[in-house]
$ cat query06.cif   # mmCIF, C-alpha atoms and all ligand atoms
data_coords
#
loop_
_atom_site.label_atom_id
_atom_site.label_comp_id
_atom_site.auth_asym_id
_atom_site.auth_seq_id
_atom_site.Cartn_x
_atom_site.Cartn_y
_atom_site.Cartn_z
CA MET I 1 -79.57 -15.63 59.08
CA ARG I 2 -80.93 -18.12 61.66
CA VAL I 3 -78.11 -19.44 63.83
CA LEU I 4 -78.35 -22.43 66.16
CA VAL I 5 -75.63 -22.87 68.82
CA ILE I 6 -75.08 -26.26 70.47
CA GLY I 7 -73.87 -26.36 74.10
CA SER I 8 -74.60 -24.94 77.53
CA GLY I 9 -71.52 -23.35 79.07
CA ALA I 10 -70.04 -19.87 79.43
CA ARG I 11 -68.27 -20.49 76.11
CA GLU I 12 -71.69 -20.86 74.47
CA HIS I 13 -72.95 -17.80 76.33
CA ALA I 14 -70.00 -15.83 74.86
CA LEU I 15 -70.71 -17.28 71.40
CA THR I 16 -74.43 -16.42 71.51
CA LEU I 17 -73.71 -12.90 72.82
CA ALA I 18 -71.18 -12.25 70.05
CA LEU I 19 -73.56 -13.70 67.42
CA SER I 20 -76.39 -11.54 68.75
CA ARG I 21 -74.25 -8.45 67.99
CA ASP I 22 -73.97 -9.47 64.30
CA PRO I 23 -76.63 -7.55 62.32
CA ALA I 24 -76.86 -10.45 59.84
CA VAL I 25 -78.29 -12.70 62.58
CA THR I 26 -82.10 -12.55 62.58
CA ALA I 27 -82.79 -15.44 64.98
CA LEU I 28 -80.64 -17.17 67.53
CA GLY I 29 -81.32 -20.55 69.16
CA CYS I 30 -79.28 -22.55 71.67
CA ALA I 31 -79.60 -26.20 72.63
CA PRO I 32 -79.75 -26.75 75.52
CA GLY I 33 -78.34 -23.40 76.75
CA ASN I 34 -78.57 -22.13 80.32
CA ALA I 35 -80.28 -19.42 82.38
CA GLY I 36 -78.00 -16.65 81.05
CA ILE I 37 -78.19 -17.68 77.39
CA ALA I 38 -82.00 -17.49 77.67
CA ALA I 39 -81.70 -13.69 77.60
CA VAL I 40 -80.18 -13.69 74.08
CA ALA I 41 -81.34 -16.92 72.44
CA GLU I 42 -84.34 -19.21 72.28
CA LEU I 43 -83.53 -22.27 74.42
CA ILE I 44 -84.33 -25.59 72.80
CA SER I 45 -83.96 -28.95 74.51
CA THR I 46 -82.53 -31.92 72.65
CA ASP I 47 -79.93 -34.63 73.14
CA ILE I 48 -76.88 -32.79 71.78
CA THR I 49 -74.84 -36.01 71.66
CA ASP I 50 -77.30 -37.60 69.21
CA PRO I 51 -76.25 -36.64 65.65
CA ALA I 52 -79.65 -37.51 64.11
CA ALA I 53 -81.53 -35.51 66.79
CA VAL I 54 -79.38 -32.39 66.28
CA ALA I 55 -79.68 -32.61 62.47
CA GLU I 56 -83.47 -32.99 62.82
CA LEU I 57 -83.64 -30.00 65.14
CA ALA I 58 -81.51 -27.88 62.77
CA LYS I 59 -83.95 -28.72 59.95
CA SER I 60 -87.16 -28.19 61.91
CA TRP I 61 -85.82 -24.89 63.36
CA SER I 62 -84.80 -23.82 59.79
CA ALA I 63 -81.22 -23.09 60.84
CA ASP I 64 -78.99 -21.48 58.20
CA LEU I 65 -75.88 -22.06 60.32
CA VAL I 66 -75.18 -24.46 63.20
CA VAL I 67 -72.28 -23.69 65.57
CA ILE I 68 -71.16 -26.58 67.77
CA GLY I 69 -69.48 -25.55 71.05
CA PRO I 70 -68.32 -28.66 72.93
CA GLU I 71 -66.04 -31.50 71.81
CA GLY I 72 -68.39 -34.33 72.84
CA PRO I 73 -70.92 -33.87 70.02
CA LEU I 74 -68.12 -33.19 67.49
CA VAL I 75 -66.31 -36.43 68.29
CA LEU I 76 -69.65 -38.26 67.95
CA GLY I 77 -70.26 -36.91 64.44
CA VAL I 78 -72.89 -34.23 65.06
CA ALA I 79 -71.29 -31.86 62.50
CA ASP I 80 -71.30 -34.65 59.89
CA ALA I 81 -75.02 -35.25 60.43
CA VAL I 82 -75.87 -31.52 60.22
CA ARG I 83 -73.89 -31.16 56.97
CA ALA I 84 -75.48 -34.31 55.55
CA ALA I 85 -78.85 -32.62 56.16
CA GLY I 86 -77.68 -29.80 53.86
CA ILE I 87 -77.11 -27.20 56.60
CA THR I 88 -73.94 -25.12 56.96
CA CYS I 89 -72.08 -26.18 60.09
CA PHE I 90 -69.19 -24.59 61.98
CA GLY I 91 -67.39 -27.56 63.53
CA PRO I 92 -65.16 -30.41 62.36
CA SER I 93 -66.19 -33.89 61.21
CA ALA I 94 -65.82 -36.79 63.64
CA ALA I 95 -62.72 -37.84 61.70
CA ALA I 96 -61.03 -34.44 62.10
CA ALA I 97 -62.21 -34.10 65.73
CA GLN I 98 -59.96 -37.07 66.57
CA ILE I 99 -57.22 -34.43 66.88
CA GLU I 100 -58.78 -33.90 70.33
CA GLY I 101 -60.68 -37.17 70.79
CA SER I 102 -57.59 -39.34 70.70
CA LYS I 103 -54.29 -38.09 72.04
CA ALA I 104 -52.54 -40.98 70.25
CA PHE I 105 -54.06 -39.85 66.90
CA ALA I 106 -52.97 -36.26 67.64
CA LYS I 107 -49.41 -37.41 68.32
CA ASP I 108 -49.39 -39.40 65.09
CA VAL I 109 -50.57 -36.39 63.07
CA MET I 110 -48.05 -34.09 64.78
CA THR I 111 -45.21 -36.51 64.12
CA ALA I 112 -46.16 -36.83 60.45
CA ALA I 113 -46.43 -33.03 60.19
CA GLY I 114 -43.08 -32.46 61.93
CA VAL I 115 -44.72 -30.35 64.67
CA PRO I 116 -42.79 -29.80 67.92
CA THR I 117 -44.44 -31.60 70.84
CA ALA I 118 -43.58 -33.64 73.93
CA ARG I 119 -42.15 -37.15 73.55
CA ALA I 120 -44.90 -39.62 74.33
CA GLU I 121 -45.59 -43.33 74.92
CA VAL I 122 -48.96 -45.07 75.17
CA VAL I 123 -49.25 -47.75 77.87
CA ASP I 124 -52.23 -50.08 77.75
CA ASN I 125 -50.81 -52.96 79.80
CA PRO I 126 -50.13 -52.47 83.55
CA ALA I 127 -47.20 -54.91 83.30
CA ARG I 128 -45.36 -52.40 81.09
CA LEU I 129 -46.07 -49.34 83.23
CA ASP I 130 -42.99 -49.25 85.50
CA GLU I 131 -40.56 -49.79 82.68
CA ALA I 132 -42.25 -47.03 80.64
CA LEU I 133 -42.24 -44.64 83.63
CA SER I 134 -38.49 -45.19 84.01
CA ARG I 135 -38.02 -43.49 80.64
CA PHE I 136 -39.68 -40.28 81.94
CA GLY I 137 -39.14 -37.85 84.85
CA PRO I 138 -38.02 -36.02 86.91
CA ILE I 139 -41.45 -34.46 86.28
CA TYR I 140 -44.07 -36.97 85.16
CA VAL I 141 -47.00 -36.17 82.87
CA VAL I 142 -49.72 -38.86 82.91
CA LYS I 143 -52.78 -38.47 80.68
CA ASP I 144 -55.97 -40.30 79.85
CA ASP I 145 -55.90 -41.14 76.13
CA GLY I 146 -59.40 -39.85 75.49
CA LEU I 147 -61.73 -36.97 76.29
CA ALA I 148 -61.30 -35.97 79.91
CA ALA I 149 -62.37 -32.30 79.95
CA GLY I 150 -58.90 -31.19 81.06
CA LYS I 151 -59.17 -33.22 84.23
CA GLY I 152 -57.50 -36.45 83.12
CA VAL I 153 -53.95 -35.09 83.44
CA VAL I 154 -51.60 -35.36 86.39
CA VAL I 155 -48.30 -33.45 86.28
CA THR I 156 -46.12 -34.36 89.25
CA PRO I 157 -42.52 -34.89 90.39
CA ASP I 158 -43.82 -37.73 92.62
CA LEU I 159 -43.30 -41.10 90.90
CA GLU I 160 -45.77 -42.82 93.24
CA ALA I 161 -48.51 -40.27 92.44
CA ALA I 162 -47.80 -40.67 88.72
CA ARG I 163 -47.99 -44.46 89.01
CA ALA I 164 -51.21 -44.29 91.06
CA HIS I 165 -52.94 -42.07 88.46
CA ALA I 166 -51.80 -44.32 85.61
CA CYS I 167 -53.05 -47.42 87.48
CA SER I 168 -56.46 -45.86 88.14
CA LEU I 169 -56.83 -45.03 84.44
CA LEU I 170 -55.73 -48.52 83.39
CA ASP I 171 -58.10 -50.11 85.95
CA ALA I 172 -60.93 -48.14 84.35
CA GLY I 173 -59.92 -49.59 80.97
CA HIS I 174 -58.37 -46.38 79.59
CA PRO I 175 -55.00 -46.46 77.82
CA VAL I 176 -52.48 -44.08 79.43
CA LEU I 177 -50.28 -41.56 77.65
CA LEU I 178 -46.95 -40.71 79.31
CA GLU I 179 -45.25 -37.52 78.13
CA SER I 180 -42.02 -35.64 78.67
CA TYR I 181 -42.54 -32.45 80.66
CA LEU I 182 -42.67 -29.18 78.73
CA ASP I 183 -41.41 -26.16 80.66
CA GLY I 184 -42.35 -22.51 80.15
CA PRO I 185 -45.50 -20.37 80.14
CA GLU I 186 -48.57 -21.75 78.42
CA ALA I 187 -50.64 -20.04 75.76
CA SER I 188 -53.80 -20.94 73.85
CA LEU I 189 -54.04 -19.98 70.20
CA PHE I 190 -57.47 -20.35 68.57
CA CYS I 191 -57.48 -20.57 64.78
CA LEU I 192 -60.42 -20.51 62.40
CA VAL I 193 -59.88 -23.14 59.73
CA ASP I 194 -61.85 -23.86 56.56
CA GLY I 195 -60.13 -27.11 55.63
CA LYS I 196 -57.14 -25.26 54.19
CA THR I 197 -56.78 -21.63 55.25
CA VAL I 198 -55.85 -20.70 58.84
CA VAL I 199 -56.97 -17.41 60.45
CA PRO I 200 -55.57 -16.99 63.98
CA LEU I 201 -57.41 -15.11 66.74
CA LEU I 202 -55.66 -13.27 69.61
CA PRO I 203 -53.54 -15.50 71.83
CA ALA I 204 -54.83 -16.03 75.37
CA GLN I 205 -53.71 -17.72 78.56
CA ASP I 206 -55.86 -19.82 80.84
CA PHE I 207 -55.42 -20.98 84.42
CA LYS I 208 -55.99 -24.72 84.75
CA ARG I 209 -55.27 -25.36 88.43
CA VAL I 210 -58.01 -24.79 90.94
CA GLY I 211 -56.05 -22.62 93.40
CA ASN I 212 -53.99 -19.43 93.46
CA ASP I 213 -50.34 -19.78 92.37
CA ASP I 214 -51.33 -22.82 90.32
CA SER I 215 -51.98 -25.00 93.36
CA GLY I 216 -54.32 -28.00 93.60
CA PRO I 217 -55.76 -30.24 90.90
CA ASN I 218 -56.36 -29.43 87.22
CA THR I 219 -59.81 -28.15 86.27
CA GLY I 220 -61.62 -27.23 83.07
CA GLY I 221 -60.15 -23.71 83.57
CA MET I 222 -60.52 -21.13 86.36
CA GLY I 223 -59.85 -17.93 84.41
CA ALA I 224 -58.19 -16.43 81.35
CA TYR I 225 -56.94 -13.23 79.78
CA ALA I 226 -56.08 -11.85 76.36
CA PRO I 227 -53.99 -10.58 74.71
CA LEU I 228 -50.57 -11.60 76.08
CA PRO I 229 -48.51 -8.45 76.70
CA TRP I 230 -45.41 -10.51 77.43
CA ALA I 231 -45.45 -12.59 74.22
CA GLU I 232 -42.97 -11.88 71.43
CA PRO I 233 -44.67 -9.97 68.60
CA ASP I 234 -44.19 -12.74 66.05
CA LEU I 235 -45.52 -15.51 68.33
CA VAL I 236 -48.78 -15.98 66.43
CA ASP I 237 -47.09 -16.06 63.00
CA LYS I 238 -44.52 -18.53 64.25
CA VAL I 239 -47.14 -20.86 65.74
CA VAL I 240 -49.32 -20.77 62.63
CA LYS I 241 -46.32 -21.55 60.40
CA SER I 242 -44.62 -24.20 62.49
CA ILE I 243 -47.58 -25.85 64.24
CA VAL I 244 -51.13 -25.09 63.05
CA GLN I 245 -50.75 -24.94 59.25
CA PRO I 246 -48.71 -28.18 59.08
CA VAL I 247 -51.37 -30.00 61.13
CA VAL I 248 -54.19 -28.58 58.98
CA ASP I 249 -52.32 -29.71 55.85
CA GLU I 250 -51.69 -33.18 57.31
CA LEU I 251 -55.37 -33.65 58.25
CA ALA I 252 -56.39 -32.67 54.70
CA ARG I 253 -53.82 -35.08 53.28
CA ARG I 254 -55.38 -37.88 55.36
CA GLY I 255 -58.82 -37.13 53.93
CA ALA I 256 -60.05 -35.54 57.19
CA PRO I 257 -59.90 -31.79 56.46
CA PHE I 258 -60.56 -29.66 59.53
CA THR I 259 -63.33 -27.03 59.42
CA GLY I 260 -64.13 -25.03 62.50
CA LEU I 261 -62.00 -23.88 65.39
CA LEU I 262 -58.64 -25.52 65.94
CA TYR I 263 -57.20 -24.75 69.36
CA ALA I 264 -53.46 -25.14 69.88
CA GLY I 265 -52.46 -25.50 73.54
CA LEU I 266 -48.82 -24.41 73.68
CA ALA I 267 -45.86 -24.41 76.03
CA LEU I 268 -43.53 -21.54 75.19
CA THR I 269 -40.25 -23.28 76.01
CA SER I 270 -36.72 -21.90 75.70
CA ASP I 271 -36.48 -23.99 72.49
CA GLY I 272 -39.55 -22.25 71.03
CA PRO I 273 -43.27 -23.05 71.07
CA GLN I 274 -44.19 -26.71 71.61
CA THR I 275 -47.63 -28.26 71.38
CA ILE I 276 -49.23 -29.60 74.56
CA GLU I 277 -52.48 -30.55 72.88
CA PHE I 278 -54.95 -29.71 70.15
CA ASN I 279 -58.65 -29.20 70.78
CA CYS I 280 -61.29 -29.31 68.07
CA ARG I 281 -63.39 -26.41 69.44
CA PHE I 282 -63.21 -23.09 71.24
CA GLY I 283 -61.60 -23.25 74.68
CA ASP I 284 -63.45 -22.40 77.83
CA PRO I 285 -62.78 -19.90 79.48
CA GLU I 286 -60.43 -18.32 76.87
CA THR I 287 -63.32 -17.81 74.41
CA GLN I 288 -64.96 -15.43 76.88
CA VAL I 289 -61.99 -13.02 76.65
CA VAL I 290 -61.08 -13.51 72.98
CA LEU I 291 -64.63 -12.89 71.73
CA ALA I 292 -65.01 -9.89 74.07
CA LEU I 293 -62.26 -8.21 72.04
CA LEU I 294 -63.35 -9.31 68.54
CA ASN I 295 -65.29 -6.65 66.61
CA THR I 296 -65.70 -8.61 63.35
CA PRO I 297 -69.26 -9.94 62.94
CA LEU I 298 -69.15 -13.57 63.97
CA ALA I 299 -71.83 -15.24 61.85
CA GLY I 300 -70.16 -14.10 58.62
CA LEU I 301 -66.80 -15.29 59.87
CA PHE I 302 -68.12 -18.73 60.90
CA THR I 303 -69.93 -19.07 57.56
CA ALA I 304 -66.70 -18.27 55.71
CA ALA I 305 -64.89 -20.98 57.71
CA ALA I 306 -67.70 -23.49 57.17
CA THR I 307 -67.83 -22.91 53.41
CA GLY I 308 -64.13 -22.80 52.51
CA LYS I 309 -64.00 -19.03 52.07
CA LEU I 310 -61.66 -17.81 54.80
CA ALA I 311 -59.04 -16.70 52.26
CA GLU I 312 -61.57 -14.17 50.89
CA HIS I 313 -62.67 -12.89 54.31
CA PRO I 314 -61.57 -9.34 55.28
CA GLU I 315 -58.95 -9.02 58.01
CA LEU I 316 -60.24 -9.37 61.57
CA GLU I 317 -60.95 -6.27 63.65
CA TRP I 318 -60.07 -6.15 67.33
CA ALA I 319 -60.96 -3.80 70.16
CA ASP I 320 -58.08 -2.04 71.91
CA GLY I 321 -57.18 -3.03 75.44
CA ALA I 322 -57.50 -6.31 77.30
CA ALA I 323 -60.06 -8.70 78.75
CA VAL I 324 -59.91 -10.90 81.85
CA THR I 325 -62.35 -13.58 82.98
CA VAL I 326 -62.64 -15.08 86.46
CA VAL I 327 -64.54 -18.34 86.90
CA ILE I 328 -66.77 -18.73 89.94
CA ALA I 329 -66.89 -22.44 90.79
CA ALA I 330 -69.29 -24.39 92.97
CA ASP I 331 -68.43 -25.76 96.39
CA GLY I 332 -66.48 -29.00 95.94
CA TYR I 333 -65.37 -28.33 92.33
CA PRO I 334 -63.52 -30.04 90.64
CA ALA I 335 -63.89 -33.25 92.66
CA LYS I 336 -67.58 -33.20 93.64
CA PRO I 337 -69.39 -29.96 92.83
CA ARG I 338 -72.55 -29.18 94.74
CA ILE I 339 -75.47 -27.90 92.65
CA ASP I 340 -78.83 -26.18 93.24
CA ASP I 341 -77.51 -23.25 95.32
CA VAL I 342 -79.14 -19.86 94.67
CA ILE I 343 -76.98 -17.26 92.87
CA THR I 344 -77.46 -13.53 93.42
CA GLY I 345 -75.72 -10.37 92.25
CA TYR I 346 -74.97 -11.70 88.76
CA ASP I 347 -76.94 -9.04 86.94
CA ALA I 348 -74.13 -7.12 85.22
CA ASP I 349 -72.79 -6.98 81.67
CA GLY I 350 -70.03 -9.50 81.19
CA VAL I 351 -71.32 -12.00 83.75
CA LEU I 352 -71.53 -15.11 81.61
CA HIS I 353 -73.37 -18.18 82.77
CA ALA I 354 -71.65 -21.58 82.74
CA GLY I 355 -73.55 -24.07 84.91
CA THR I 356 -76.82 -22.34 85.80
CA ARG I 357 -80.52 -22.99 85.41
CA ARG I 358 -83.67 -21.07 86.29
CA ARG I 359 -85.78 -22.80 88.92
CA GLU I 360 -89.58 -22.86 88.70
CA ASP I 361 -89.80 -20.09 91.33
CA GLY I 362 -87.64 -17.87 89.09
CA ALA I 363 -84.40 -18.12 91.11
CA VAL I 364 -81.20 -18.82 89.18
CA VAL I 365 -79.33 -21.76 90.75
CA SER I 366 -76.01 -23.50 90.19
CA ASN I 367 -76.16 -26.44 87.82
CA GLY I 368 -72.53 -27.47 87.30
CA GLY I 369 -68.98 -27.20 88.63
CA ARG I 370 -68.08 -23.98 86.85
CA VAL I 371 -71.05 -21.70 87.51
CA LEU I 372 -70.23 -18.23 86.16
CA SER I 373 -67.45 -16.72 84.07
CA VAL I 374 -67.13 -13.03 84.91
CA VAL I 375 -65.52 -10.90 82.18
CA GLY I 376 -63.95 -7.47 82.66
CA GLN I 377 -62.50 -5.26 79.94
CA GLY I 378 -60.22 -2.24 80.17
CA GLU I 379 -57.44 -0.32 78.52
CA ASP I 380 -54.91 -2.79 79.91
CA LEU I 381 -54.82 -5.93 82.05
CA ILE I 382 -54.78 -3.94 85.29
CA ALA I 383 -58.03 -2.18 84.36
CA ALA I 384 -59.59 -5.38 82.99
CA ARG I 385 -58.76 -7.25 86.22
CA GLU I 386 -60.28 -4.49 88.31
CA ALA I 387 -63.46 -4.55 86.22
CA ALA I 388 -63.76 -8.35 86.48
CA TYR I 389 -63.07 -8.59 90.22
CA ALA I 390 -65.45 -5.70 90.99
CA LYS I 391 -68.27 -7.75 89.42
CA VAL I 392 -67.11 -10.93 91.19
CA ALA I 393 -67.35 -9.11 94.54
CA ARG I 394 -71.06 -8.44 94.00
CA ILE I 395 -71.93 -12.09 93.31
CA HIS I 396 -73.07 -14.45 96.03
CA LEU I 397 -73.18 -18.25 95.78
CA THR I 398 -72.91 -20.27 98.98
CA GLY I 399 -69.67 -22.25 99.20
CA SER I 400 -68.34 -20.93 95.89
CA HIS I 401 -64.68 -20.31 95.22
CA HIS I 402 -62.59 -18.47 92.63
CA ARG I 403 -58.96 -17.63 92.06
CA THR I 404 -57.88 -14.11 93.05
CA ASP I 405 -54.70 -14.10 90.94
CA ILE I 406 -56.07 -14.39 87.38
CA ALA I 407 -53.80 -12.36 85.04
CA GLU I 408 -52.05 -10.81 88.05
CA LYS I 409 -48.47 -11.66 87.10
CA ALA I 410 -49.03 -10.60 83.48
CA ALA I 411 -50.65 -7.31 84.60
CA LEU I 412 -47.66 -6.57 86.84
CA GLY I 413 -45.17 -7.51 84.11
CA LYS I 414 -43.83 -10.40 86.19
CA LEU I 415 -44.24 -13.16 83.65
P1 LIG G 1 -54.28 -31.43 78.49
O1 LIG G 1 -55.52 -32.12 78.97
O2 LIG G 1 -53.42 -32.24 77.59
O3 LIG G 1 -54.61 -30.07 77.98
O4 LIG G 1 -53.40 -31.05 79.79
C1 LIG G 1 -53.91 -30.22 80.80
C2 LIG G 1 -52.79 -29.42 81.39
O5 LIG G 1 -51.75 -30.26 81.90
C3 LIG G 1 -52.08 -28.52 80.39
O6 LIG G 1 -52.70 -27.29 80.22
C4 LIG G 1 -50.74 -28.33 81.06
O7 LIG G 1 -50.82 -27.38 82.11
C5 LIG G 1 -50.48 -29.67 81.67
N1 LIG G 1 -49.69 -30.49 80.75
C6 LIG G 1 -50.17 -31.39 79.85
N2 LIG G 1 -49.16 -31.96 79.16
C7 LIG G 1 -48.01 -31.42 79.60
C8 LIG G 1 -46.63 -31.61 79.28
N3 LIG G 1 -46.22 -32.52 78.38
N4 LIG G 1 -45.73 -30.87 79.94
C9 LIG G 1 -46.13 -29.97 80.88
N5 LIG G 1 -47.41 -29.75 81.25
C10 LIG G 1 -48.36 -30.47 80.63
N1 LIG G 2 -59.39 -23.92 78.58
C1 LIG G 2 -59.11 -25.27 78.35
C2 LIG G 2 -60.01 -25.97 77.43
O1 LIG G 2 -61.00 -25.44 76.96
O2 LIG G 2 -59.73 -27.12 77.14
#
$ encode --input "query06.cif" --output "structure tokens" --more "lines below"
Ligand code: AMP
Ligand code: GLY
Amino acid sequence: MRVLVIGSGAREHALTLALSRDPAVTALGCAPGNAGIAAVAELISTDITDPAAVAELAKSWSADLVVIGPEGPLVLGVADAVRAAGITCFGPSAAAAQIEGSKAFAKDVMTAAGVPTARAEVVDNPARLDEALSRFGPIYVVKDDGLAAGKGVVVTPDLEAARAHACSLLDAGHPVLLESYLDGPEASLFCLVDGKTVVPLLPAQDFKRVGNDDSGPNTGGMGAYAPLPWAEPDLVDKVVKSIVQPVVDELARRGAPFTGLLYAGLALTSDGPQTIEFNCRFGDPETQVVLALLNTPLAGLFTAAATGKLAEHPELEWADGAAVTVVIAADGYPAKPRIDDVITGYDADGVLHAGTRRREDGAVVSNGGRVLSVVGQGEDLIAAREAAYAKVARIHLTGSHHRTDIAEKAALGKL
């Protein structure tokens, strides 16, 4: 089977690595990929946001299966174009990807499906902002109603800061979503979906804030671990029953069946799991830890999801133990990352590339805000943390920063 992966981050590095371990995969391509992915897949350059260009590439490269990593191309209809060209595609249609592309659409679907989530109001007129804000608090949640790569959200007890963020979004012409605050630990549950059947993967937790102890601004994600030793044993079943399956059924009812990876971002509140958001693709960096533990061959699994056959697929097989990933970010990330710094010491198993490229002189240099995602595995979270941080210690990138507390509380049983 010839498999073409679309994207260029550490998530796509994890996907290509896992696909390369599947004996059914005879050729692996990645567009556009990065310096790390080049070791496992043929790198191909194309405009991944152009549906016609990706479909053309899939045809000319004779792909049997296309796997789309990021949300941008999905929201723009790349999966639709690939399927229209007669090629099997793992990834939702543009219509189903609205579950991530529009937070207002997601709220509407969740309401119709009776799924627990935060109370929300959309504000598109600055004159209505103060009155709307008065219905929220004492902790304010202000979001951009559109794709913002996890960085469009401000959660703050400071009314002035909430108002300022909302005003800057409105000034830029973006409607604002105000939400009630959901308390409790967060979890990410990734589910394979074939339009109808839902197959959950291991739950994971990611770390969105840039600094230790969840300080500083939100980022795309600074680290993750799986599984969750502190979670109740029936968490996954409960979330599939009360949250994921109803949303999958509602999307099908609306004529926009979801095929691909549906990501439920959850707050585990004292009233039970509530939905923070849905994403229409694998999460980054959680994918790096979830796929590290998955032993089931991935190409067969993705094909089953893409062709409506998940109900017939054998049960998933998981490795024992735990995985932890630590993201190494560039100087200035998330506000203004600096690129083109030389990276050294990255030559170990489990060092996944996010924003990297190989320079003409052969050096690997930073090429994005999140540069590497370093994965460690072990018999438990303590061992997995040690393995990850030992690799981090050998890596050098001028001005880089990383969190030192990824999975620490969970490893010490303090969560
Ligand atoms: P989102 O872009 O919707 O995933 O939000 C990014 C992050 O903001 C989430 O992972 C949460 O940490 C936080 N967040 C978003 N919505 C809420 C909410 N209603 N209550 C509490 N925290 C939230
Ligand atoms: N880890 C957060 C995301 O992928 O959106």
$ residues_near_ligand --input "query06.cif" --ligand "ligand LIG 2 (chain G)" --cutoff "9 Å" --atoms "all atoms listed in the file" --output "PyMOL selection string"
chain I and resi 11+70+149-150+188+205-208+219-224+263+265+278-279+281-287
$ closest_residue --input "query06.cif" --among "I:Gly36, I:Gly355, I:Gly101, I:Gly369" --to "ligand LIG 1 (chain G)" --atoms "all atoms listed in the file"
I:Gly101
$ residues_near_ligand --input "query06.cif" --ligand "ligand LIG 1 (chain G)" --cutoff "10 Å" --atoms "all atoms listed in the file" --output "PyMOL selection string"
chain I and resi 100+103+117-120+139-156+177-188+205-209+214+217-221+264-267+274-279
$ closest_residue --input "query06.cif" --among "I:Asp213, I:Glu71, I:Asp108, I:Glu12" --to "Ile37 (chain I)" --atoms "all atoms listed in the file"
I:Glu12
$ atom_distance --input "query06.cif" --atom1 "CA of Glu131 (chain I)" --atom2 "CA of Ser168 (chain I)"
17.3 Å
$ residues_around --input "query06.cif" --residues "Pro116 (chain I)" --least-positions-apart "5" --cutoff "9 Å" --atoms "all atoms listed in the file" --output "ChimeraX atom specification"
/I:110-111,242-243,272-275
$ residues_around --input "query06.cif" --residues "Leu201 (chain I)" --least-positions-apart "3" --cutoff "9 Å" --atoms "all atoms listed in the file" --output "PyMOL selection string"
chain I and resi 189-192+236+290+294+316
$ atom_distance --input "query06.cif" --atom1 "CA of Ala354 (chain I)" --atom2 "CA of Asp340 (chain I)"
13.5 Å
$ closest_residue --input "query06.cif" --among "I:Leu28, I:Phe258, I:Ser373, I:Val239" --to "Gln98 (chain I)" --atoms "all atoms listed in the file"
I:Phe258
$ residues_around --input "query06.cif" --residues "region 328-336 of chain I" --least-positions-apart "3" --cutoff "6 Å" --atoms "all atoms listed in the file" --output "list in words"
Gly369, Arg370, Val371, Leu372, Gly399, Ser400, His401 and His402 of chain I
$ closest_residue --input "query06.cif" --among "I:Ile343, I:Val327, I:Leu19, I:Ala388" --to "Val210 (chain I)" --atoms "all atoms listed in the file"
I:Val327
$ residues_around --input "query06.cif" --residues "Ala58 (chain I)" --least-positions-apart "5" --cutoff "10 Å" --atoms "all atoms listed in the file" --output "NGL selection string"
:I and (2-5 or 29 or 52-53 or 63-66 or 82 or 85-89)
$ atom_distance --input "query06.cif" --atom1 "CA of Tyr389 (chain I)" --atom2 "CA of Val342 (chain I)"
20.1 Å
$ closest_residue --input "query06.cif" --among "I:Trp61, I:Phe136, I:Phe90, I:Tyr225" --to "Val324 (chain I)" --atoms "all atoms listed in the file"
I:Tyr225
$ closest_residue --input "query06.cif" --among "I:Ala322, I:Ala97, I:Ala162, I:Val374" --to "Pro257 (chain I)" --atoms "all atoms listed in the file"
I:Ala97
$ residues_near_point --input "query06.cif" --point "(-83.0, -19.8, 86.4)" --cutoff "10 Å" --atoms "all atoms listed in the file" --output "ChimeraX atom specification"
/I:34-36,38,342-343,356-367
$ write_last_selection --input "query06.cif" --atoms "C-alpha atoms" --output "mmCIF file, in the frame of the given file"
data_model
loop_
_atom_site.group_PDB
_atom_site.id
_atom_site.type_symbol
_atom_site.label_atom_id
_atom_site.label_comp_id
_atom_site.auth_asym_id
_atom_site.auth_seq_id
_atom_site.Cartn_x
_atom_site.Cartn_y
_atom_site.Cartn_z
ATOM 1 C CA ASN I 34 -78.570 -22.130 80.320
ATOM 2 C CA ALA I 35 -80.280 -19.420 82.380
ATOM 3 C CA GLY I 36 -78.000 -16.650 81.050
ATOM 4 C CA ALA I 38 -82.000 -17.490 77.670
ATOM 5 C CA VAL I 342 -79.140 -19.860 94.670
ATOM 6 C CA ILE I 343 -76.980 -17.260 92.870
ATOM 7 C CA THR I 356 -76.820 -22.340 85.800
ATOM 8 C CA ARG I 357 -80.520 -22.990 85.410
ATOM 9 C CA ARG I 358 -83.670 -21.070 86.290
ATOM 10 C CA ARG I 359 -85.780 -22.800 88.920
ATOM 11 C CA GLU I 360 -89.580 -22.860 88.700
ATOM 12 C CA ASP I 361 -89.800 -20.090 91.330
ATOM 13 C CA GLY I 362 -87.640 -17.870 89.090
ATOM 14 C CA ALA I 363 -84.400 -18.120 91.110
ATOM 15 C CA VAL I 364 -81.200 -18.820 89.180
ATOM 16 C CA VAL I 365 -79.330 -21.760 90.750
ATOM 17 C CA SER I 366 -76.010 -23.500 90.190
ATOM 18 C CA ASN I 367 -76.160 -26.440 87.820
#
$ residues_around --input "query06.cif" --residues "Ser45 (chain I)" --least-positions-apart "2" --cutoff "9 Å" --atoms "only C-alpha atoms" --output "ChimeraX atom specification"
/I:30-33,43,47-48
